[in-house]
Structures are given as structure tokens and as C-alpha cells.
$ cat entry-v2.txt   # compact mmCIF, C-alpha atoms
# COMPACT_ATOMS: atom_id res chain seq x y z
CA MET A 1 -104.61 74.04 -22.43
CA GLU A 2 -104.02 70.95 -24.58
CA ILE A 3 -102.62 68.05 -22.54
CA LYS A 4 -99.99 67.11 -25.13
CA HIS A 5 -98.81 70.72 -25.16
CA ILE A 6 -98.19 70.55 -21.41
CA ALA A 7 -96.14 67.39 -21.84
CA LYS A 8 -94.08 68.90 -24.66
CA GLU A 9 -93.43 71.98 -22.55
CA VAL A 10 -92.06 69.77 -19.74
CA PHE A 11 -89.82 67.96 -22.21
CA GLN A 12 -88.48 71.24 -23.54
CA ILE A 13 -87.80 72.80 -20.15
CA GLU A 14 -85.97 69.76 -18.82
CA ALA A 15 -84.04 69.20 -22.05
CA GLU A 16 -82.79 72.79 -21.97
CA GLU A 17 -81.70 72.47 -18.36
CA ILE A 18 -79.85 69.22 -19.05
CA TYR A 19 -78.09 70.79 -22.03
CA LYS A 20 -76.79 73.55 -19.73
CA LEU A 21 -75.18 71.01 -17.42
CA SER A 22 -72.18 70.53 -19.70
CA SER A 23 -71.23 74.17 -19.18
CA LEU A 24 -71.18 73.63 -15.41
CA LEU A 25 -68.63 70.80 -15.49
CA THR A 26 -65.35 71.62 -13.73
CA ASN A 27 -62.13 69.71 -13.16
CA ASP A 28 -63.76 68.29 -10.03
CA PHE A 29 -65.69 65.87 -12.23
CA GLU A 30 -62.50 64.51 -13.78
CA TYR A 31 -60.71 64.28 -10.42
CA ALA A 32 -63.69 62.53 -8.85
CA VAL A 33 -63.84 59.94 -11.64
CA LYS A 34 -60.10 59.26 -11.35
CA ASP A 35 -60.33 58.76 -7.58
CA ILE A 36 -63.29 56.40 -7.95
CA LEU A 37 -61.40 54.52 -10.65
CA SER A 38 -58.35 54.00 -8.44
CA SER A 39 -60.28 53.31 -5.23
CA LYS A 40 -60.12 49.88 -3.60
CA GLY A 41 -63.40 50.53 -1.81
CA LYS A 42 -67.01 51.09 -2.79
CA LEU A 43 -68.83 54.23 -3.92
CA ILE A 44 -71.53 54.86 -1.33
CA VAL A 45 -74.39 57.19 -2.31
CA CYS A 46 -76.41 59.20 0.25
CA GLY A 47 -79.36 61.55 -0.17
CA MET A 48 -82.66 62.49 1.47
CA GLY A 49 -86.11 62.72 -0.08
CA LYS A 50 -86.18 63.02 -3.87
CA SER A 51 -82.37 63.20 -3.89
CA GLY A 52 -82.35 59.87 -2.07
CA ILE A 53 -84.65 58.31 -4.64
CA ILE A 54 -82.38 59.48 -7.45
CA GLY A 55 -79.37 58.38 -5.41
CA ARG A 56 -80.68 54.83 -5.24
CA LYS A 57 -80.92 54.74 -9.03
CA ILE A 58 -77.41 56.19 -9.43
CA ALA A 59 -75.99 53.54 -7.08
CA ALA A 60 -77.81 50.81 -8.99
CA THR A 61 -76.46 52.06 -12.32
CA LEU A 62 -72.93 52.22 -10.96
CA ALA A 63 -73.11 48.73 -9.49
CA SER A 64 -74.46 47.23 -12.71
CA THR A 65 -71.74 48.82 -14.82
CA GLY A 66 -68.70 47.68 -12.87
CA THR A 67 -68.37 50.19 -10.00
CA PRO A 68 -69.17 48.60 -6.60
CA SER A 69 -71.79 50.86 -5.08
CA PHE A 70 -74.78 50.92 -2.75
CA PHE A 71 -77.20 53.48 -1.36
CA LEU A 72 -77.06 54.37 2.33
CA HIS A 73 -79.90 56.40 3.83
CA PRO A 74 -78.26 59.33 5.67
CA ALA A 75 -80.69 59.24 8.60
CA GLU A 76 -80.11 55.51 9.09
CA ALA A 77 -76.37 56.09 8.73
CA TYR A 78 -76.42 58.71 11.50
CA HIS A 79 -78.30 56.31 13.77
CA GLY A 80 -76.07 53.31 13.46
CA ASP A 81 -75.28 52.39 9.87
CA LEU A 82 -72.07 54.43 9.67
CA GLY A 83 -70.32 51.14 10.40
CA MET A 84 -71.06 50.15 6.81
CA ILE A 85 -68.66 52.83 5.55
CA GLU A 86 -65.06 51.63 5.41
CA ASN A 87 -61.97 53.84 5.21
CA GLU A 88 -61.31 53.12 1.54
CA ASP A 89 -64.88 53.90 0.47
CA ILE A 90 -65.75 57.07 -1.43
CA VAL A 91 -69.02 58.77 -0.46
CA LEU A 92 -71.28 60.68 -2.85
CA LEU A 93 -73.55 63.10 -0.97
CA ILE A 94 -76.56 64.51 -2.84
CA SER A 95 -78.57 67.59 -1.83
CA ASN A 96 -80.00 70.10 -4.29
CA SER A 97 -79.80 72.93 -1.75
CA GLY A 98 -76.53 71.71 -0.28
CA GLU A 99 -77.96 72.41 3.17
CA THR A 100 -79.85 69.19 3.99
CA ASP A 101 -79.25 68.61 7.69
CA GLU A 102 -79.25 64.80 7.62
CA VAL A 103 -76.60 64.82 4.91
CA LEU A 104 -74.42 67.49 6.51
CA LYS A 105 -74.36 65.55 9.80
CA LEU A 106 -72.33 62.82 8.10
CA ILE A 107 -69.44 65.10 7.14
CA PRO A 108 -67.59 65.16 10.53
CA PHE A 109 -67.51 61.34 10.60
CA LEU A 110 -66.37 61.10 6.98
CA LYS A 111 -63.63 63.66 7.59
CA SER A 112 -62.43 61.89 10.73
CA GLN A 113 -62.27 58.60 8.82
CA LYS A 114 -60.56 60.37 5.89
CA ASN A 115 -63.07 59.18 3.29
CA ILE A 116 -62.94 60.95 -0.06
CA THR A 117 -66.22 62.84 -0.49
CA ILE A 118 -68.05 64.01 -3.59
CA SER A 119 -71.08 66.28 -3.47
CA MET A 120 -73.85 67.01 -5.96
CA SER A 121 -75.76 70.20 -5.32
CA GLY A 122 -77.24 73.15 -7.13
CA ASN A 123 -75.18 75.62 -5.11
CA PRO A 124 -71.36 75.64 -5.38
CA SER A 125 -71.25 77.93 -2.32
CA SER A 126 -73.38 75.67 -0.13
CA THR A 127 -72.18 74.14 3.13
CA LEU A 128 -72.08 70.73 1.46
CA ALA A 129 -70.09 71.90 -1.55
CA LEU A 130 -67.53 73.70 0.61
CA ASN A 131 -66.99 70.70 2.88
CA THR A 132 -66.44 67.94 0.35
CA ASP A 133 -63.38 67.09 -1.73
CA TYR A 134 -65.16 67.47 -5.07
CA HIS A 135 -68.35 69.27 -6.05
CA LEU A 136 -70.51 68.50 -9.09
CA ASN A 137 -72.78 71.40 -9.96
CA ILE A 138 -76.34 70.30 -10.84
CA SER A 139 -78.01 73.71 -10.63
CA VAL A 140 -80.98 74.49 -12.85
CA THR A 141 -82.59 77.84 -13.59
CA LYS A 142 -86.12 76.53 -14.00
CA GLU A 143 -88.14 73.59 -12.75
CA ALA A 144 -90.75 72.07 -15.04
CA CYS A 145 -93.23 72.48 -12.18
CA PRO A 146 -95.28 75.65 -12.88
CA LEU A 147 -95.12 76.56 -9.18
CA GLN A 148 -91.34 76.10 -9.15
CA LEU A 149 -91.77 73.89 -6.09
CA ALA A 150 -91.77 70.21 -7.07
CA PRO A 151 -88.27 68.93 -7.96
CA THR A 152 -88.45 68.12 -11.67
CA SER A 153 -85.64 69.60 -13.75
CA SER A 154 -83.35 69.43 -10.71
CA THR A 155 -83.89 65.71 -10.10
CA THR A 156 -83.41 65.02 -13.80
CA ALA A 157 -80.15 66.96 -13.70
CA THR A 158 -79.01 64.90 -10.71
CA LEU A 159 -79.83 61.66 -12.50
CA VAL A 160 -77.97 62.72 -15.64
CA MET A 161 -74.90 63.74 -13.64
CA GLY A 162 -74.97 60.31 -12.02
CA ASP A 163 -75.22 58.70 -15.45
CA ALA A 164 -72.24 60.76 -16.61
CA LEU A 165 -70.23 59.39 -13.67
CA ALA A 166 -71.26 55.81 -14.35
CA ILE A 167 -70.63 55.91 -18.09
CA SER A 168 -67.28 57.67 -17.68
CA LEU A 169 -66.16 54.94 -15.29
CA MET A 170 -67.61 52.25 -17.54
CA LYS A 171 -65.64 53.46 -20.55
CA LEU A 172 -62.40 54.00 -18.64
CA LYS A 173 -62.64 50.46 -17.25
CA ASP A 174 -63.24 49.16 -20.78
CA PHE A 175 -66.38 47.50 -19.44
CA LYS A 176 -67.56 45.18 -22.21
CA ASP A 177 -70.76 43.33 -22.96
CA GLU A 178 -69.36 40.14 -21.42
CA ASN A 179 -68.78 42.03 -18.18
CA PHE A 180 -72.32 43.31 -18.31
CA ALA A 181 -73.59 39.77 -18.85
CA LYS A 182 -71.63 38.59 -15.81
CA PHE A 183 -73.51 41.07 -13.66
CA HIS A 184 -76.85 40.44 -15.41
CA PRO A 185 -77.50 36.69 -15.79
CA GLY A 186 -81.10 37.25 -16.83
CA GLY A 187 -81.01 40.72 -15.30
CA SER A 188 -80.78 41.60 -11.61
CA LEU A 189 -83.90 39.61 -10.92
CA GLY A 190 -82.34 36.63 -12.67
CA ARG A 191 -79.27 36.90 -10.49
CA ARG A 192 -81.32 36.97 -7.33
CA LEU A 193 -83.36 34.02 -8.50
CA LEU A 194 -80.35 31.93 -9.53
CA GLU A 195 -77.52 32.69 -7.13
CA THR A 196 -77.43 31.45 -3.55
CA VAL A 197 -76.58 33.30 -0.37
CA GLU A 198 -73.39 31.26 -0.08
CA SER A 199 -72.04 32.76 -3.31
CA VAL A 200 -71.92 36.32 -1.97
CA MET A 201 -71.91 36.04 1.84
CA ARG A 202 -68.98 37.09 3.97
CA LYS A 203 -67.47 34.00 5.58
CA ASP A 204 -63.96 34.97 6.74
CA ASP A 205 -62.93 36.88 9.87
CA LEU A 206 -66.53 37.09 11.07
CA PRO A 207 -67.27 39.49 13.97
CA ILE A 208 -68.43 37.32 16.88
CA CYS A 209 -68.55 37.45 20.68
CA ASN A 210 -70.26 35.62 23.53
CA SER A 211 -73.00 36.81 25.86
CA GLN A 212 -70.49 37.87 28.54
CA THR A 213 -68.21 39.91 26.28
CA ALA A 214 -67.64 43.41 27.70
CA ILE A 215 -68.96 46.44 25.84
CA LYS A 216 -65.41 47.78 25.30
CA ASP A 217 -64.43 44.58 23.49
CA ILE A 218 -67.69 44.60 21.51
CA ILE A 219 -66.86 48.06 20.16
CA ASN A 220 -63.43 46.83 19.01
CA ILE A 221 -64.90 43.72 17.38
CA THR A 222 -67.52 45.83 15.58
CA THR A 223 -64.86 48.22 14.27
CA ASN A 224 -62.49 45.49 13.12
CA GLY A 225 -65.29 43.37 11.67
CA LYS A 226 -66.32 46.10 9.22
CA CYS A 227 -69.89 44.80 9.02
CA GLY A 228 -71.46 47.28 11.43
CA LEU A 229 -72.48 44.41 13.74
CA VAL A 230 -71.39 41.58 16.03
CA VAL A 231 -72.99 38.13 16.21
CA VAL A 232 -73.43 36.80 19.76
CA ILE A 233 -72.76 33.06 20.08
CA ASP A 234 -72.89 30.80 23.16
CA ASP A 235 -71.89 27.13 22.82
CA THR A 236 -71.97 27.36 19.00
CA LYS A 237 -75.57 28.64 19.14
CA VAL A 238 -76.46 32.07 17.77
CA ILE A 239 -78.38 33.86 20.53
CA GLY A 240 -78.34 37.47 19.41
CA ILE A 241 -76.93 40.31 17.33
CA ILE A 242 -75.52 43.72 18.26
CA THR A 243 -75.43 46.46 15.65
CA ASP A 244 -73.46 49.67 15.57
CA GLY A 245 -76.82 51.38 16.10
CA ASP A 246 -77.54 49.32 19.24
CA ILE A 247 -74.23 50.47 20.72
CA ARG A 248 -74.86 54.13 19.93
CA ARG A 249 -78.42 54.07 21.26
CA THR A 250 -77.32 52.32 24.47
CA MET A 251 -74.57 54.88 24.93
CA GLU A 252 -77.21 57.63 24.83
CA THR A 253 -79.80 55.93 27.07
CA ASP A 254 -77.51 54.28 29.64
CA GLU A 255 -74.51 56.57 29.70
CA ASP A 256 -73.69 56.10 33.42
CA ASN A 257 -73.50 52.30 33.29
CA PHE A 258 -72.40 51.95 29.69
CA PHE A 259 -68.94 50.46 30.27
CA ASP A 260 -70.31 47.97 32.82
CA LEU A 261 -72.59 46.37 30.25
CA LYS A 262 -72.04 43.07 28.50
CA ALA A 263 -73.29 41.65 25.22
CA ASN A 264 -76.21 39.98 26.96
CA ASP A 265 -77.45 43.39 28.14
CA ILE A 266 -77.73 45.09 24.76
CA MET A 267 -78.08 42.38 22.13
CA SER A 268 -81.22 41.88 20.07
CA ARG A 269 -82.45 38.35 20.61
CA ASN A 270 -83.84 36.07 17.91
CA PRO A 271 -81.96 37.69 15.01
CA LYS A 272 -83.09 36.99 11.47
CA LEU A 273 -81.39 33.92 9.98
CA ILE A 274 -81.14 32.52 6.48
CA SER A 275 -79.73 29.27 5.11
CA SER A 276 -76.64 29.47 2.92
CA ASN A 277 -78.56 27.43 0.33
CA GLU A 278 -81.34 30.00 -0.04
CA LYS A 279 -81.51 32.16 -3.14
CA LEU A 280 -80.61 35.84 -3.01
CA VAL A 281 -84.22 36.73 -3.74
CA LYS A 282 -85.18 35.19 -0.38
CA ALA A 283 -82.56 37.28 1.41
CA SER A 284 -83.91 40.38 -0.35
CA GLU A 285 -87.46 39.55 0.72
CA ILE A 286 -86.50 39.06 4.37
CA MET A 287 -84.48 42.28 4.52
CA GLY A 288 -87.30 44.21 2.87
CA LYS A 289 -89.99 42.75 5.10
CA PHE A 290 -88.19 43.50 8.36
CA LYS A 291 -86.42 46.67 7.13
CA ILE A 292 -82.96 45.40 8.04
CA ASN A 293 -79.63 45.47 6.21
CA SER A 294 -78.03 42.22 7.40
CA LEU A 295 -78.85 38.53 7.86
CA ILE A 296 -77.00 35.80 9.75
CA VAL A 297 -76.25 32.84 7.47
CA MET A 298 -76.59 29.28 8.77
CA TYR A 299 -75.76 25.83 7.43
CA ASN A 300 -76.81 22.68 9.32
CA ASN A 301 -77.64 24.86 12.36
CA LYS A 302 -74.12 26.30 12.33
CA PHE A 303 -73.21 29.97 11.86
CA VAL A 304 -71.24 30.26 8.60
CA GLY A 305 -71.53 33.84 7.38
CA ILE A 306 -73.15 37.26 7.10
CA ILE A 307 -74.97 38.71 4.10
CA GLN A 308 -75.78 42.41 3.81
CA MET A 309 -78.00 44.49 1.58
CA TYR A 310 -75.20 45.75 -0.64
CA ASP A 311 -74.14 42.15 -1.32
CA LEU A 312 -77.39 41.70 -3.21
CA GLY A 313 -76.48 44.33 -5.82
CA ILE A 314 -79.90 46.05 -5.67

$ encode --input "entry-v2.txt" --output "C-alpha cells"
Amino acid sequence: MEIKHIAKEVFQIEAEEIYKLSSLLTNDFEYAVKDILSSKGKLIVCGMGKSGIIGRKIAATLASTGTPSFFLHPAEAYHGDLGMIENEDIVLLISNSGETDEVLKLIPFLKSQKNITISMSGNPSSTLALNTDYHLNISVTKEACPLQLAPTSSTTATLVMGDALAISLMKLKDFKDENFAKFHPGGSLGRRLLETVESVMRKDDLPICNSQTAIKDIINITTNGKCGLVVVIDDTKVIGIITDGDIRRTMETDEDNFFDLKANDIMSRNPKLISSNEKLVKASEIMGKFKINSLIVMYNNKFVGIIQMYDLGI
């Protein structure tokens, strides 16, 4: 078979599936857009596997067009990063089958916190669709893959639905070229190369404790701090960090003595630091290298702030 013919066949299959998407739109799309538009929080995107890869792109598109958004890996969320989700945030959950276990596990927490939830799946009757506030149907009848196994048309449909969300919000916000330029001084790479950590870090009401702070108080500080972590400081010196994940893992492994523990017992020592004068690109490099979401910001050996992955806008 001619190679170009194969390529053209893929184009045709996926184009036809995308064209069908418009017929699947319901009022849920409009309601979801209106809620995102009026929200005071962020739009957090979650998805596993290929859906997660597409979800990262959707979050990036939203963030660059005026809708604060970041991607949160559902498995990481379930093991400690749920602290990154605030009450006013809206959460977009993506699963083609609508039955992805790691995604479904987040629903009880989101319901208890009363977050608005939006789902994208190819099955309006799926567990995910039936347990979210709004459902966006991304079902396709045919994958471009000849074995009907590799996600092809379905991932393209997901991406296009995400673009429809982003562009709808962009137009309703009257997002102009000057706004786009504000978010793209030389592009995202330019921003990271030019802006410093100080320009985006959180510096007010920082979640801190000392090495002898009781676990009960640490939990309250973590919740109120809304960063998913607590910085441990003794005599003005940063000696450790405790994440939401550290607390949850300790609760599982040391259940009997849990409420007798203090910060010194569960903190991670030698946390990763960065100067407030460093460029955002440096923060991105450190987070990527050590696979972490937060850095402690210092100035003249003094703790002055916290910077997290979503602050970088990537």
C-alpha cells in the first residue's frame, strides 16, 4: 500500500470523527463554560496515560489564553497532591472509557470539598460521566489505528474538545492580542528566561511550623496554607518540609502512634531551595530534575516564599 495513501486515510478518518463531535454537544458544554468563566479558582485538569498527555496540552492552552489552569496527575493527587486543589477550583477529569480507576478515586474527595467537576469521556453512561456535574461527550466510532487499539481518533477528539473550551472562554473574556502578549513575552520560554522567582512566588500567609509542632497542628496549617505543604523552621533556619503526601503516608505506616508524632518525626530534611533572584527557568529545571512540585524560596539565607509548578505556567 502506498505510504501517502495510508497518511491520507488517517487524515480522513480523524477528520470525520472530529466533524461528528459537534452533534454530540449538549447544554453541559455551555454550563461548564459559564461556571469556569465565573469561577474565582483555577481549572485543574486530570487524566491518565494518553488522556493525561492530552490533558497537559489542554491545561497549557487554557493557561496561555487567560484561564488559570494546570495539570495534576491523578495518581500523584491520590498520594498527596490533593492539597493543591482548593475549594473554588473546577476540576476537569478525562478518561475515554470513563472507568479509569485512578481518576474515579478522586471523585469522593472532590464531592466532599464541593468542587465543580467536568468530565470528558466517550461514554455518557460511564461511572465518570454519571458522577460529575457536567459531561462532555468525546466518543468516536472509529480509531485511525487499523487494529482499533491505539488511541488516535479518540485522543484527537479530546484535544479538540479542550480547544473548544479554551477558545470559548477566550472569546467570552474578550481576550485580545495584548493579553496574549502579556502571557507570552517571547513565548513561554521567554517568560521563564526573563521573569524571576520573586515575581510569581507566594509570599503572604506562608504555612510554617517548628520541629516540635504536633501532627494535629501540622494538619491544620497544611489545610489553611493551601499549598499542600508546611515548611519547618527552627531559629529562622529552614530545616525541613512536610507535604500532604508525607502526612498521608505516615498515617498509613504509623497509625498507632500517629497523633504522638511531631514535625521532626515526619519532615523531609534538606528540602530543595531556590533564590528569589533566580529565573523561572531555573525553578522549572530543579522541579523537573527532582520530580517535585514545590520549591522553598530564599533571600539572603532567609525564607521568603514558596513557588509551585503551576506558578510557572507550563

$ closest_atom_pairs --input "entry-v2.txt" --of "stretch 114-228 of chain A" --to "stretch 32-49 of chain A" --cutoff "8 Å" --atoms "only C-alpha atoms" --output "JSON lines"
{"residue": "A:Ile118", "atom": "CA", "partner": "A:Ala32", "partner_atom": "CA", "distance": 7.0}
{"residue": "A:Tyr134", "atom": "CA", "partner": "A:Ala32", "partner_atom": "CA", "distance": 6.4}
{"residue": "A:Leu165", "atom": "CA", "partner": "A:Val33", "partner_atom": "CA", "distance": 6.7}
{"residue": "A:Ser168", "atom": "CA", "partner": "A:Val33", "partner_atom": "CA", "distance": 7.3}
{"residue": "A:Leu169", "atom": "CA", "partner": "A:Val33", "partner_atom": "CA", "distance": 6.6}
{"residue": "A:Lys173", "atom": "CA", "partner": "A:Leu37", "partner_atom": "CA", "distance": 7.8}

$ closest_residue --input "entry-v2.txt" --among "A:Asn300, A:Asn220, A:Ser95, A:Thr117" --to "A:Asn277" --atoms "all atoms listed in the file"
A:Asn300

$ residues_near_point --input "entry-v2.txt" --point "(-70.8, 62.8, -18.7)" --cutoff "10 Å" --atoms "only C-alpha atoms" --output "list in words"
Leu21, Ser22, Leu25, Phe29, Glu30, Val160, Met161, Gly162, Asp163, Ala164, Leu165, Ala166, Ile167, Ser168 and Leu169 of chain A

$ atom_distance --input "entry-v2.txt" --atom1 "atom CA of A:Val91" --atom2 "atom CA of A:Pro68"
11.9 Å

$ closest_residue --input "entry-v2.txt" --among "A:Ile107, A:Thr152, A:Lys142, A:Phe259" --to "A:Leu130" --atoms "all atoms listed in the file"
A:Ile107
